[in-house]
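Enquirer: Structure in structure tokens, see below.
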Amino acid sequence: MDSKETCRNELRLAIRQLSNRGLYSASKWSVNFASFLSLPCRSFKFDRFTTAAEQLIGIEQDPAKFTPSHTRFQRGSSSIRRRFRTDDATSTPSPGISYVSTPVPEEDDDAVDSDFYLLAKSYFDCKEYKRAAHVLRDQTGRKAVFLRCYALYLAGEKRKEEEIIELEGPLGKSNVVNRELVSIERELSTLRKRGNLDPFGLFLFGLVLKEKGNENLARAVLVESVNSYPWNWSAWSTLQSLCTTIDTLNTLIVNNHWMKDFFLAKCYEELRMHNESLEKYQQLQKSFSFSTYVQARMANVQYNLREFDQVEIIFEELMRNDPYRIEDMDMYSNVLYAKEAFSALSYLAHKVFLTDKYRPESCCIIGNYYSSKEQHEKSVTYFRRALQLDKNYLSAWTLMGHEYVEMKNIPAAVDAYRRAVDINPRDYRAWYGLGQAYEMLVMPLYALYYFRKSVSLQPNDARLWIAMAHCYESDELHMYEEAIKCYKRAANCQDTEAIAVNRLAKLYDQLGCHAEAAIYYKKDLERMEAEEREGPNLADALVFLAKYYKAQNKFEEAEIYCTRLLDYNVPVSYPCIFLFSFPYGGVDFVLDAGLLGHQAELPPTLYTNPTLEITSPDFKWT
């Protein structure tokens with residue numbers, strides 16, 4: 001049996017085992033890799049059931065066994081798939097990598113579904129968690145113990161959410177805890193000491209320890225779980241949430257199973273190690289060539305790298321192959337919003353509204369649509385609706401904060417951003433939003449603190465360095481040297497709008513460093529002329545360079561910039577003045593650049609030694 005067939009059989013058995021235990025999110029992930037699953041603590045909201053099965057569809061099928069209708073996710077015309085296609089049809093593990101063989105354990109005798117287990121499972125599927133746990137109160141099999149404890153855990157989570165709503169409202173904050181955690185921890189700890197806890201019980205034990213703040217023991221228990229049963233993506237996901245630094249990740253001793261590659265790719269992604277994460281996903285793309293999960297994660301990494309064109313290509317393909325997909329589409333709407341592709345954003349909003357309007361992703365997409373129409377109140381309404389469906393939906397908090405900033409409701413914006421960083425302290429967009437909010441409140445030191453947090457998480461984003469530089473050069477601080485350092489970092493971080501270069505030129509000019517200012521004005525001028533742009537910045541550059549070279553007695557260069565200034569439509573009232581004299585009728589006349597709102601016929605040669613301003617009516621304007 002080849003390696004792909006082995007992997008496929010492992011996943012098929014794992015799907016049944018995960019589904020039988022109510023781990024629907026993990027089951028979904030394995031089927032097709034199409035969605036990033038939520039952590040199990042939210043699974044009582046019943047994310048779709050197919051997650052382990054999504055990985056199964058991601059493995060390339062044998063074309064001889066499937067008709068085109070069965071291979072609609074596997075069209076070979078895709079440029080994305082061609083880019084990562086391998087000629088080796090049996091390359092599931094990647095060449096040069098030695099994977100540990102971990103057979104999927106068969107169900108033990110005590111796991112044979114008894115009548116009590118089947119009744120409890122039916123209650124569990126109907127979300128009657130307390131009834132399910134009660135039915136299994138006297139069952140001692142490992143499978144029954146796991147389902148009973150997991151049902152109690154979900155019942156506690158459900159009750160916690162209800163208490164928060166009762167006390168603080170649907171979006172309120174509260175210190176309410178899951179009251180079932182203590183009893184579950186006590187029971188699972190005893191079973192673990194006796195060696196009677198299976199990998200699923202270990203996963204639940206690790207999840208409970210994480211909820212109680214015992215992160216070191218939680219990591220050890222979860223590593224034990226994934227080493228024993230590596231197909232449970234929920235366990236990997238929980239373990240990933242505990243790896244907040246690269247040092248912590250490197251201390252984990254995890255078997256070299258192929259699932260580890262997905263885990264490492266996601267860890268690198270969350271740790272903002274974008275290049276390493278993208279490399280891992282590209283390797284996985286070679287083996288799971290039809291996995292929409294891998295494509296979506298690659299799109300997310302490239303989104304963080306601000307490679308919006310590539311992100312758009314990937315999502316267009318995902319929409320063609322999976323037209324009713326909603327997972328991750330809110331990220332696609334962010335890209336369309338940033339690229340000002342409002343027609344495409346309108347189409348996407350209409351499509352998800354018809355598909356499933358009561359999904360957090362759908363509400364965020366519609367909120368982005370109304371934001372693009374500058375209907376900020378409606379936009380906030382949809383972001384709040386997304387949060388009512390899932391109050392831990394990070395993107396909705398951040399986007400709602402942006403809308404409140406547009407509405408000049410700064411206190412509400414600060415609250416939204418703070419909720420976002422409470423959910424994920426590594427969300428640089430929320431830290432950046434807090435910096436903007438405090439800058440609008442004229443509190444630059446607070447703003448600098450939040451901008452620094454944002455930059456530390458996303459050091460290659462020019463916008464963040466520019467925002468911090470603006471704060472340094474504000475009227476309250478006047479810290480120009482620090483602002484220059486920030487602008488230089490921004491200029492080296494693909495500042496597509498070249499804001500940093502222009503600001504560096506003006507700052508150096510303001511500080512009297514004219515040689516440095518000339519360097520950056522020339523860079524800015526070259527960019528604007530390459531992009532065929534006109535405006536005040538272009539006129540500023542030409543006027544400064546003409547004056548600079550005149551002061552350096554480099555009159556030929558000064559003449560060039562003065563002449564080029566006449567080719568652009570600068571305002572008549574342009575304030576900068578510099579003087580060049582030229583002979584006209586035996587008298588040295590002076591050209592005033594403040595008059596260059598029109599095209600002038602200059603004599604072929606400009607001389608120095610200015611004497612008097614030009615007032616002669618004989619000077620010919622065209």
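Here's how to read the names in the structure tokens: chain A, B, ... by the order shown, residue numbers from 1 in each chain, ligand numbers from 1 in the order shown.
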Name the residues in contact with Arg419 (chain A) at a cut-off of 10 Å, using only C-alpha atoms, excluding same-chain residues fewer than 2 positions from it; report them as a list in words.
Expert: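 Skipping anything fewer than 2 positions along the chain leaves Leu171, Gly172, Lys173, Lys391, Asn392, Leu394, Trp397, Thr398, Gly401, Ala413, Val414, Asp415, Ala416, Tyr417, Val421, Asp422, Ile423, Asn424, Pro425 and Ala430 of chain A.
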Enquirer: Go ahead and save the residues from that selection, with N, CA, C and O atoms, as a PDB file, in the first residue's frame.
Expert:
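Contents of the output file again-v3.pdb:
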```
ATOM      1  N   LEU A 171     -22.446  41.092  25.031  1.00  0.00           N
ATOM      2  CA  LEU A 171     -21.055  41.439  24.747  1.00  0.00           C
ATOM      3  C   LEU A 171     -20.312  41.860  26.008  1.00  0.00           C
ATOM      4  O   LEU A 171     -19.253  42.479  25.939  1.00  0.00           O
ATOM      5  N   GLY A 172     -20.856  41.516  27.147  1.00  0.00           N
ATOM      6  CA  GLY A 172     -20.258  41.943  28.397  1.00  0.00           C
ATOM      7  C   GLY A 172     -19.034  41.135  28.786  1.00  0.00           C
ATOM      8  O   GLY A 172     -18.790  40.039  28.282  1.00  0.00           O
ATOM      9  N   LYS A 173     -18.258  41.701  29.706  1.00  0.00           N
ATOM     10  CA  LYS A 173     -17.093  41.014  30.268  1.00  0.00           C
ATOM     11  C   LYS A 173     -17.438  40.577  31.684  1.00  0.00           C
ATOM     12  O   LYS A 173     -18.121  41.278  32.424  1.00  0.00           O
ATOM     13  N   LYS A 391     -18.835  35.903  20.624  1.00  0.00           N
ATOM     14  CA  LYS A 391     -18.273  37.110  21.242  1.00  0.00           C
ATOM     15  C   LYS A 391     -16.750  37.097  21.284  1.00  0.00           C
ATOM     16  O   LYS A 391     -16.124  38.105  21.616  1.00  0.00           O
ATOM     17  N   ASN A 392     -16.137  35.954  20.967  1.00  0.00           N
ATOM     18  CA  ASN A 392     -14.675  35.880  20.893  1.00  0.00           C
ATOM     19  C   ASN A 392     -14.166  35.979  19.467  1.00  0.00           C
ATOM     20  O   ASN A 392     -13.012  35.623  19.200  1.00  0.00           O
ATOM     21  N   LEU A 394     -12.400  37.563  16.935  1.00  0.00           N
ATOM     22  CA  LEU A 394     -11.399  38.623  17.028  1.00  0.00           C
ATOM     23  C   LEU A 394     -11.572  39.691  15.958  1.00  0.00           C
ATOM     24  O   LEU A 394     -11.535  40.892  16.231  1.00  0.00           O
ATOM     25  N   TRP A 397     -14.230  42.457  16.619  1.00  0.00           N
ATOM     26  CA  TRP A 397     -13.869  43.493  17.593  1.00  0.00           C
ATOM     27  C   TRP A 397     -12.949  44.534  16.964  1.00  0.00           C
ATOM     28  O   TRP A 397     -13.137  45.747  17.148  1.00  0.00           O
ATOM     29  N   THR A 398     -11.947  44.070  16.219  1.00  0.00           N
ATOM     30  CA  THR A 398     -10.989  45.003  15.624  1.00  0.00           C
ATOM     31  C   THR A 398     -11.662  45.895  14.585  1.00  0.00           C
ATOM     32  O   THR A 398     -11.470  47.115  14.570  1.00  0.00           O
ATOM     33  N   GLY A 401     -13.828  48.470  16.122  1.00  0.00           N
ATOM     34  CA  GLY A 401     -13.015  49.578  16.620  1.00  0.00           C
ATOM     35  C   GLY A 401     -12.665  50.566  15.521  1.00  0.00           C
ATOM     36  O   GLY A 401     -12.726  51.793  15.724  1.00  0.00           O
ATOM     37  N   ALA A 413     -14.243  52.948  20.635  1.00  0.00           N
ATOM     38  CA  ALA A 413     -13.170  52.325  19.858  1.00  0.00           C
ATOM     39  C   ALA A 413     -12.130  51.703  20.784  1.00  0.00           C
ATOM     40  O   ALA A 413     -11.677  50.572  20.564  1.00  0.00           O
ATOM     41  N   VAL A 414     -11.753  52.423  21.831  1.00  0.00           N
ATOM     42  CA  VAL A 414     -10.766  51.904  22.783  1.00  0.00           C
ATOM     43  C   VAL A 414     -11.280  50.625  23.430  1.00  0.00           C
ATOM     44  O   VAL A 414     -10.546  49.637  23.576  1.00  0.00           O
ATOM     45  N   ASP A 415     -12.562  50.610  23.807  1.00  0.00           N
ATOM     46  CA  ASP A 415     -13.131  49.414  24.425  1.00  0.00           C
ATOM     47  C   ASP A 415     -13.100  48.227  23.462  1.00  0.00           C
ATOM     48  O   ASP A 415     -12.747  47.102  23.865  1.00  0.00           O
ATOM     49  N   ALA A 416     -13.440  48.466  22.199  1.00  0.00           N
ATOM     50  CA  ALA A 416     -13.434  47.375  21.210  1.00  0.00           C
ATOM     51  C   ALA A 416     -12.024  46.834  21.007  1.00  0.00           C
ATOM     52  O   ALA A 416     -11.816  45.609  20.964  1.00  0.00           O
ATOM     53  N   TYR A 417     -11.061  47.717  20.867  1.00  0.00           N
ATOM     54  CA  TYR A 417      -9.673  47.271  20.679  1.00  0.00           C
ATOM     55  C   TYR A 417      -9.158  46.509  21.905  1.00  0.00           C
ATOM     56  O   TYR A 417      -8.428  45.518  21.768  1.00  0.00           O
ATOM     57  N   VAL A 421      -7.525  42.652  22.096  1.00  0.00           N
ATOM     58  CA  VAL A 421      -6.226  42.218  22.632  1.00  0.00           C
ATOM     59  C   VAL A 421      -6.395  41.291  23.829  1.00  0.00           C
ATOM     60  O   VAL A 421      -5.496  40.493  24.133  1.00  0.00           O
ATOM     61  N   ASP A 422      -7.539  41.371  24.515  1.00  0.00           N
ATOM     62  CA  ASP A 422      -7.817  40.399  25.574  1.00  0.00           C
ATOM     63  C   ASP A 422      -7.977  38.998  24.988  1.00  0.00           C
ATOM     64  O   ASP A 422      -7.552  38.008  25.587  1.00  0.00           O
ATOM     65  N   ILE A 423      -8.602  38.926  23.816  1.00  0.00           N
ATOM     66  CA  ILE A 423      -8.804  37.630  23.163  1.00  0.00           C
ATOM     67  C   ILE A 423      -7.499  37.106  22.589  1.00  0.00           C
ATOM     68  O   ILE A 423      -7.154  35.935  22.748  1.00  0.00           O
ATOM     69  N   ASN A 424      -6.749  37.980  21.920  1.00  0.00           N
ATOM     70  CA  ASN A 424      -5.474  37.573  21.313  1.00  0.00           C
ATOM     71  C   ASN A 424      -4.459  38.699  21.488  1.00  0.00           C
ATOM     72  O   ASN A 424      -4.464  39.666  20.724  1.00  0.00           O
ATOM     73  N   PRO A 425      -3.580  38.581  22.469  1.00  0.00           N
ATOM     74  CA  PRO A 425      -2.584  39.646  22.696  1.00  0.00           C
ATOM     75  C   PRO A 425      -1.594  39.808  21.546  1.00  0.00           C
ATOM     76  O   PRO A 425      -0.820  40.761  21.543  1.00  0.00           O
ATOM     77  N   ALA A 430      -5.152  45.377  16.554  1.00  0.00           N
ATOM     78  CA  ALA A 430      -5.833  45.974  17.701  1.00  0.00           C
ATOM     79  C   ALA A 430      -4.898  46.910  18.467  1.00  0.00           C
ATOM     80  O   ALA A 430      -5.305  47.995  18.907  1.00  0.00           O
TER      81      ALA A 430
END
```
Enquirer: Skipping near chain neighbours, those fewer than 2 positions away, what residues fall within 6 Å of region 553-569 of chain A using only C-alpha atoms, listed as an MDAnalysis selection string?
Expert: chainID A and resid 542 546 549:551 599
Enquirer: Would you save the residues from that selection as an mmCIF file, in the first residue's frame, using N, CA and C atoms?
Expert:
```cif
data_model
loop_
_atom_site.group_PDB
_atom_site.id
_atom_site.type_symbol
_atom_site.label_atom_id
_atom_site.label_comp_id
_atom_site.auth_asym_id
_atom_site.auth_seq_id
_atom_site.Cartn_x
_atom_site.Cartn_y
_atom_site.Cartn_z
ATOM 1 N N LEU A 542 11.048 69.512 -6.455
ATOM 2 C CA LEU A 542 11.727 70.281 -7.496
ATOM 3 C C LEU A 542 12.226 71.621 -6.970
ATOM 4 N N ALA A 546 16.181 72.592 -6.675
ATOM 5 C CA ALA A 546 16.689 73.752 -7.411
ATOM 6 C C ALA A 546 17.402 74.724 -6.468
ATOM 7 N N TYR A 549 20.795 73.056 -5.129
ATOM 8 C CA TYR A 549 21.925 73.050 -6.065
ATOM 9 C C TYR A 549 22.386 74.462 -6.398
ATOM 10 N N LYS A 550 21.472 75.430 -6.363
ATOM 11 C CA LYS A 550 21.896 76.815 -6.554
ATOM 12 C C LYS A 550 22.808 77.260 -5.404
ATOM 13 N N ALA A 551 22.421 76.867 -4.159
ATOM 14 C CA ALA A 551 23.244 77.211 -3.005
ATOM 15 C C ALA A 551 24.603 76.523 -3.051
ATOM 16 N N GLN A 599 2.992 78.089 -17.977
ATOM 17 C CA GLN A 599 4.182 77.678 -18.703
ATOM 18 C C GLN A 599 4.901 78.926 -19.221
#
```
Enquirer: Applying 10 Å and only C-alpha atoms, which residues near region 188-193 of chain A remain after dropping the ones on its own chain fewer than 3 positions away? List them as an mmCIF file with C-alpha atoms, in the first residue's frame.
Expert:
```cif
data_model
loop_
_atom_site.group_PDB
_atom_site.id
_atom_site.type_symbol
_atom_site.label_atom_id
_atom_site.label_comp_id
_atom_site.auth_asym_id
_atom_site.auth_seq_id
_atom_site.Cartn_x
_atom_site.Cartn_y
_atom_site.Cartn_z
ATOM 1 C CA ARG A 142 -12.756 4.894 28.558
ATOM 2 C CA VAL A 145 -15.775 8.346 30.680
ATOM 3 C CA PHE A 146 -14.548 10.736 27.992
ATOM 4 C CA CYS A 149 -16.562 14.415 31.171
ATOM 5 C CA SER A 183 -14.626 18.059 39.380
ATOM 6 C CA ILE A 184 -13.462 17.147 35.878
ATOM 7 C CA GLU A 185 -9.830 17.906 36.745
ATOM 8 C CA ASN A 196 -6.497 4.594 32.695
ATOM 9 C CA LEU A 197 -6.716 7.709 30.543
ATOM 10 C CA ASP A 198 -6.778 7.308 26.758
ATOM 11 C CA GLY A 201 -9.139 11.844 27.939
ATOM 12 C CA LEU A 202 -5.638 13.324 27.956
ATOM 13 C CA LEU A 204 -9.713 16.916 27.673
ATOM 14 C CA PHE A 205 -7.481 16.933 30.756
ATOM 15 C CA GLY A 206 -5.032 19.261 28.988
ATOM 16 C CA VAL A 208 -9.173 21.761 31.505
ATOM 17 C CA VAL A 221 -0.462 16.317 28.952
#
```
Enquirer: Can you measure CA of Arg426 (chain A) to CA of Glu269 (chain A) for me? One decimal in Å is fine.
Expert: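 A separation of 11.1 Å between them.
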Enquirer: Between CA of Asn255 (chain A) and CA of Val223 (chain A), what is the spacing in Å?
Expert: 9.0 Å
Enquirer: Give me, as a PyMOL selection string, all polymer residues having an atom no more than 12 Å from Tyr123 (chain A), counting only C-alpha atoms and skipping those fewer than 2 positions away in the same chain.
Expert: chain A and resi 22+116-121+125-136+147-148+151
Enquirer: Find the spatial neighbours of Glu270 (chain A), counting only C-alpha atoms, within a cut-off of 10 Å - ignore same-chain residues fewer than 3 positions away - and output them as JSON, numbers by chain.
Expert: {"A": [240, 241, 243, 244, 245, 264, 265, 266, 267, 273, 274, 277, 301, 426, 427]}
Enquirer: Kindly export the residues of the current selection with N, CA, C and O atoms, as an mmCIF file, in the first residue's frame.
Expert:
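What landed in selection-v8.cif:
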```
data_model
loop_
_atom_site.group_PDB
_atom_site.id
_atom_site.type_symbol
_atom_site.label_atom_id
_atom_site.label_comp_id
_atom_site.auth_asym_id
_atom_site.auth_seq_id
_atom_site.Cartn_x
_atom_site.Cartn_y
_atom_site.Cartn_z
ATOM 1 N N GLN A 240 -1.124 24.360 20.429
ATOM 2 C CA GLN A 240 -0.585 25.525 19.727
ATOM 3 C C GLN A 240 -0.892 26.819 20.484
ATOM 4 O O GLN A 240 -0.059 27.723 20.557
ATOM 5 N N SER A 241 -2.085 26.904 21.076
ATOM 6 C CA SER A 241 -2.450 28.125 21.804
ATOM 7 C C SER A 241 -1.576 28.335 23.040
ATOM 8 O O SER A 241 -1.510 29.446 23.573
ATOM 9 N N CYS A 243 1.718 27.677 22.990
ATOM 10 C CA CYS A 243 3.086 27.943 22.510
ATOM 11 C C CYS A 243 3.181 29.411 22.104
ATOM 12 O O CYS A 243 3.071 29.757 20.925
ATOM 13 N N THR A 244 3.359 30.272 23.075
ATOM 14 C CA THR A 244 3.340 31.712 22.825
ATOM 15 C C THR A 244 4.709 32.273 22.450
ATOM 16 O O THR A 244 4.803 33.439 22.066
ATOM 17 N N THR A 245 5.761 31.458 22.558
ATOM 18 C CA THR A 245 7.100 31.894 22.143
ATOM 19 C C THR A 245 7.774 30.751 21.392
ATOM 20 O O THR A 245 7.417 29.575 21.557
ATOM 21 N N LEU A 264 3.274 22.718 13.229
ATOM 22 C CA LEU A 264 4.367 23.687 13.161
ATOM 23 C C LEU A 264 4.014 24.859 12.260
ATOM 24 O O LEU A 264 4.322 26.017 12.576
ATOM 25 N N ALA A 265 3.347 24.566 11.141
ATOM 26 C CA ALA A 265 2.961 25.649 10.230
ATOM 27 C C ALA A 265 2.030 26.629 10.937
ATOM 28 O O ALA A 265 2.171 27.851 10.806
ATOM 29 N N LYS A 266 1.072 26.106 11.703
ATOM 30 C CA LYS A 266 0.137 26.983 12.418
ATOM 31 C C LYS A 266 0.840 27.737 13.534
ATOM 32 O O LYS A 266 0.553 28.922 13.774
ATOM 33 N N CYS A 267 1.767 27.083 14.233
ATOM 34 C CA CYS A 267 2.531 27.772 15.279
ATOM 35 C C CYS A 267 3.348 28.918 14.693
ATOM 36 O O CYS A 267 3.358 30.031 15.233
ATOM 37 N N MET A 273 5.956 34.295 12.329
ATOM 38 C CA MET A 273 7.115 33.847 11.542
ATOM 39 C C MET A 273 6.591 33.487 10.152
ATOM 40 O O MET A 273 6.466 32.316 9.776
ATOM 41 N N HIS A 274 6.273 34.512 9.384
ATOM 42 C CA HIS A 274 5.492 34.315 8.167
ATOM 43 C C HIS A 274 6.243 33.520 7.107
ATOM 44 O O HIS A 274 5.653 32.661 6.431
ATOM 45 N N SER A 277 6.357 29.887 8.107
ATOM 46 C CA SER A 277 5.020 29.294 7.988
ATOM 47 C C SER A 277 4.660 29.031 6.531
ATOM 48 O O SER A 277 4.157 27.953 6.180
ATOM 49 N N VAL A 301 -1.255 33.800 5.528
ATOM 50 C CA VAL A 301 0.140 34.201 5.708
ATOM 51 C C VAL A 301 0.488 35.317 4.731
ATOM 52 O O VAL A 301 1.121 36.330 5.102
ATOM 53 N N ARG A 426 -1.606 38.907 20.573
ATOM 54 C CA ARG A 426 -0.685 39.002 19.445
ATOM 55 C C ARG A 426 -1.348 39.612 18.210
ATOM 56 O O ARG A 426 -0.793 39.567 17.118
ATOM 57 N N ASP A 427 -2.500 40.229 18.387
ATOM 58 C CA ASP A 427 -3.189 40.876 17.269
ATOM 59 C C ASP A 427 -2.653 42.301 17.108
ATOM 60 O O ASP A 427 -3.066 43.216 17.823
#
```
Enquirer: Please return, as a ChimeraX atom specification, all residues of region 140-275 of chain A that DSSP assigns to helix (DSSP H, G or I) on the basis of the backbone.
Expert: /A:142-168,181-193,199-211,215-228,233-241,246-251,258-270,274-275
Enquirer: Pick the closest to Gln17 (chain A) from A:Asn368, A:Tyr229, A:Asn178, A:Asn214: which is it, counting only C-alpha atoms?
Expert: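 Ranking A:Asn368, A:Tyr229, A:Asn178, A:Asn214 by distance to Gln17 (chain A), first place goes to A:Tyr229.
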Enquirer: Residues near Ala515 (chain A), anyone? I mean within 10 Å using only C-alpha atoms, not counting same-chain ones fewer than 5 positions away, as a list in words.
Expert: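 Residues meeting the cut-off are Ala505, Tyr508, Asp509, Tyr520, Tyr521, Leu545, Tyr548 and Tyr549 of chain A.
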Enquirer: For Asp328 (chain A), which residue among A:Ala447, A:Leu538, A:Ala299, A:Ala26 is the nearest when counting only C-alpha atoms?
Expert: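 Of A:Ala447, A:Leu538, A:Ala299, A:Ala26, the one nearest Asp328 (chain A) is A:Ala299, counting only C-alpha atoms.
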Enquirer: Measuring between only C-alpha atoms, which one of A:Phe124, A:Phe263, A:Tyr472, A:Trp465 shows the shortest distance to Tyr487 (chain A)?
Expert: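 Comparing A:Phe124, A:Phe263, A:Tyr472, A:Trp465 against Tyr487 (chain A), the winner is A:Trp465.
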Enquirer: Provide the CA of Ala541 (chain A) to CA of Leu525 (chain A) distance in Å, to one decimal place.
Expert: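 Result for CA of Ala541 (chain A) versus CA of Leu525 (chain A): 6.3 Å, one decimal.
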